[in-house]
Amino acid sequence: MHPILARGSRLALYLSVWIIIGVLLAALLAGPGGLAAAQALAIALPIALTYAFFCLSAWYVARSTPIGPTGPIRLAVTAITSSVISSAAWLAVARGWLEIFTRGSELASGRVFLAVRPLIFGFGVLLYLLSLAISYLLAAFERSREAERRGLEAQVHAREAELRSLRAQIDPHFLFNSLHSISALTTADPPAARRMCVLLGDFFRDSLALGSEDRITLARELQLAERFLEIEQVRFGDRLRVSVEVPVDGTVLIPPLLLQPLVENAVTHGVAQMLDGGLIAIRTSVTDTRLRIVVENPCDRDRPRRTGTGVGLSNVRSRLIAVYGDDALVSSTEADGIWRVELTLPAERAPAGDRHVSGGIGAELRS
Amino acid sequence: MTMESLRIVVVDDEPLARAVVREYVAAHPGVEIVAECANGFEAVKAASELSPDLMFLDVQMPKLSGFEVLELIGRSVPVVFTTAYDQYALTAFEVHAIDYLLKPFSAERFAEALTRARERLAAREGMPVEALVDANRTNQTPLERVLIRDGSKVHVLTVDRIDYVEAQDDYVAFHSDGKSYLKDQTLAAVEGLLDPARFVRIHRSYLLNIERIARVELYAKDSRIAILRDGAKLPVSRAGYARLAKLL
């Protein structure tokens with residue numbers, strides 16, 4: 001849709017500009033045509049308003065030959081050709097109107113027309129070129145607004161995805177089950193009950209603190225995962241075995257709680273579904289540019305397929321896409337009863353000055 | 001009402017969760033734990049060997065869920081579910097569970113469940129087996145695995161391992177890898193539960209996994225036999241052949 005035709009108010013404004021142009025044209029015509037002011041206006045206004053609609057076509061010309069991809073020569077040729085054509089057409093309209101207007105009056109249309117022809121034609125070309133220029137401006141303006149809107153939309157989507165995944169991070173049933181374990185321990189083993197309370201408190205405090213940050217070190221994320229698994233080990237006893245391979249360089253930065261849903265899945269959909277339990281193995285490797293994290297757990301081959309690992313994994317995936325775009329990879333495979341999720345993402349590091357901040361808190365947690 | 005001794009079985013894959021029940025039971029002299037089970041298989045075995053009065057049954061367990069255990073033991077043992085998940089409560093009452101305890105639960109709430117169980121037992125309230133099974137099944141169509149109880153043992157057959165199902169008097173036999181498993185069900189009921197895009201009724205007495213067909217041969221006028229990949233031969237009726245042709 002043409003931006004001027006799209007709304008009545010815009011069209012009214014546009015036509016009022018053209019009335020002014022018509023008055024200007026009348027003033028120009030009055031001299032060489034030897035016309036009275038009223039006659040000049042009567043001739044100029046209708047043809048000016050007609051040309052107003054001719055000039056609307058400039059928008060489509062501008063759209064079909066956008067400035068970027070079109071070469072300057074083609075651009076100039078198109079502009080000149082289109083303005084000459086429309087001005088010539090306008091001239092024909094002007095001539096016709098002059099015929100009708102002068103019929104039955106003492107004015108000789110031929111003479112008047114000859115006198116004003118170069119003026120109308122030149123004016124027409126100029127006006128069309130002006131319209132073309134304005135159309136290009138409008139198009140550029142619209143494009144930048146569209147880009148801005150899309151950018152905002154993407155931001156909102158990314159934020160929403162992040163919030164959604166954060167909400168899904170910690171399964172409340174984990175808390176209920178842990179409380180039930182504590183309830184059992186209060187009489188059977190009070191020191192163990194107290195230890196479990198402390199573990200749970202630490203875990204939730206850490207996950208809240210980490211969740212509000214933009215990036216955390218890999219070391220902190222791994223500590224949180226270990227703490228979570230420690231609590232789950234109280235519940236599952238020796239059915240749950242854990243191996244976490246801490247990288248030499250734990251200062252790499254990742255979005256917080258990225259591993260958490262994967263580790264929860266590994267327990268809920270993996271080890272908890274095995275009669276004899278199994279081992280959850282977390283391995284990480286860091287190069288200068290890439291970080292790779294692998295989470296492996298045994299899985300029941302005869303499990304009903306619908307109780308998949310869907311939500312947690314797809315949350316991780318959409319979060320990585322929101323943060324890194326194509327630069328991050330998530331893959332999940334099942335082979336020989338082992339479920340394996342692998343994340344590969346850019347190895348981000350804090351600028352040298354900031355490093356002590358993120359590393360410092362990690363060191364404090366470790367103590 | 002006389003307080004007869006109540007013989008109960010506690011089923012939970014978490015040792016600490018069983019410990020909670022054990023501790024609460026200690027306060028009720030008329031209640032005796034006859035077995036503790038760490039999974040559904042042990043629960044089915046205990047139900048058939050010990051015929052307890054009541055079972056405390058966890059929902060989330062490896063291999064067999066609490067609901068699947070209930071499906072296997074039928075109404076032979078009244079059940080109180082214990083779980084951290086409240087979303088199964090409705091299903092639990094659909095399958096006529098006596099109570100539904102949300103973890104963590106208090107000793108008072110546990111005592112209430114025991115009272116309800118005693119009342120139910122005193123009233124000898126019966127429930128139709130079919131209703132129980134149906135209610136359990138409504139939310140899992142098409143079936144992904146078949147549970148077969150064989151005495152105190154349980155077989156779990158994922159549907160892709162089933163070659164064909166055969167009607168045998170009042171039972172059906174599930175054939176898989178050259179073995180067969182009997183289940184107390186009708187072939188029509190099995191047909192209704194399995195995915196119609198994968199299992200086709202080729203004969204009054206046979207329901208076939210179409211992935212197992214090697215070829216179909218004309219045997220006599222109007223009668224055909226299906227030859228399976230493992231060489232087994234099954235009769236195909238005219239109507240069965242029409243259904244088969246539509247799927248292939």
# chains A, B, ... in the order shown; residues from 1 in each chain; ligands from 1
call {"tool": "interface_residues", "arguments": {"of": "chain B", "to": "chain A", "cutoff": "8 Å", "atoms": "only C-alpha atoms", "output": "PyMOL selection string"}}
result
chain B and resi 13-17+19-20+39+61-63+84-85+103-105+144-145+156-158
call {"tool": "select_by_dssp", "arguments": {"residues": "range 122-244 of chain A", "states": "strand (DSSP E or B)", "output": "VMD selection string"}}
result
chain A and resid 216 to 217 240 to 244
call {"tool": "residues_around", "arguments": {"residues": "Pro29 in chain B", "least_positions_apart": "2", "cutoff": "12 Å", "atoms": "only C-alpha atoms", "output": "number ranges by chain"}}
result
B: 3-7, 23-27, 31-33, 111
call {"tool": "residues_around", "arguments": {"residues": "Ile338 in chain A", "least_positions_apart": "5", "cutoff": "10 Å", "atoms": "only C-alpha atoms", "output": "list in words"}}
result
Gly270, Leu279, Ile280, Glu296, Asn297, Pro298, Cys299, Asp300, Arg301 and Thr333 of chain A
call {"tool": "write_last_selection", "arguments": {"atoms": "N, CA and C atoms", "output": "JSON list (two decimals), in the first residue's frame"}}
result
[["chain", "number", "residue", "atom", "x", "y", "z"],
["A", 270, "GLY", "N", 16.91, -40.13, 33.90],
["A", 270, "GLY", "CA", 17.97, -41.11, 33.73],
["A", 270, "GLY", "C", 18.09, -42.04, 34.91],
["A", 279, "LEU", "N", 25.64, -43.89, 36.81],
["A", 279, "LEU", "CA", 26.61, -42.81, 36.95],
["A", 279, "LEU", "C", 26.21, -41.61, 36.09],
["A", 280, "ILE", "N", 26.23, -40.42, 36.70],
["A", 280, "ILE", "CA", 26.07, -39.19, 35.92],
["A", 280, "ILE", "C", 27.46, -38.59, 35.77],
["A", 296, "GLU", "N", 26.42, -37.05, 30.64],
["A", 296, "GLU", "CA", 26.02, -38.41, 30.26],
["A", 296, "GLU", "C", 25.31, -39.10, 31.41],
["A", 297, "ASN", "N", 24.30, -39.87, 31.09],
["A", 297, "ASN", "CA", 23.64, -40.66, 32.13],
["A", 297, "ASN", "C", 23.03, -41.90, 31.50],
["A", 298, "PRO", "N", 22.88, -42.97, 32.30],
["A", 298, "PRO", "CA", 22.22, -44.15, 31.74],
["A", 298, "PRO", "C", 20.74, -43.89, 31.57],
["A", 299, "CYS", "N", 20.11, -44.55, 30.59],
["A", 299, "CYS", "CA", 18.66, -44.40, 30.45],
["A", 299, "CYS", "C", 18.03, -45.74, 30.17],
["A", 300, "ASP", "N", 16.78, -45.86, 30.56],
["A", 300, "ASP", "CA", 16.02, -47.09, 30.42],
["A", 300, "ASP", "C", 15.60, -47.25, 28.96],
["A", 301, "ARG", "N", 16.06, -48.31, 28.31],
["A", 301, "ARG", "CA", 15.75, -48.48, 26.89],
["A", 301, "ARG", "C", 14.27, -48.78, 26.66],
["A", 333, "THR", "N", 22.21, -37.50, 22.04],
["A", 333, "THR", "CA", 22.23, -38.80, 21.39],
["A", 333, "THR", "C", 21.98, -39.89, 22.42]]
call {"tool": "residues_around", "arguments": {"residues": "Ala92 in chain A", "least_positions_apart": "5", "cutoff": "10 Å", "atoms": "only C-alpha atoms", "output": "ChimeraX atom specification"}}
result
/A:86-87,97-98,117,121
call {"tool": "closest_residue", "arguments": {"among": "A:Val294, A:Val242, A:Ile47, A:Val263", "to": "Ile19 in chain A", "atoms": "only C-alpha atoms"}}
result
A:Ile47
call {"tool": "residues_around", "arguments": {"residues": "Thr82 in chain B", "least_positions_apart": "2", "cutoff": "6 Å", "atoms": "only C-alpha atoms", "output": "PyMOL selection string"}}
result
chain B and resi 57-58+100-102
call {"tool": "atom_distance", "arguments": {"atom1": "CA of Ser152 in chain B", "atom2": "CA of Asp195 in chain B"}}
result
28.4 Å
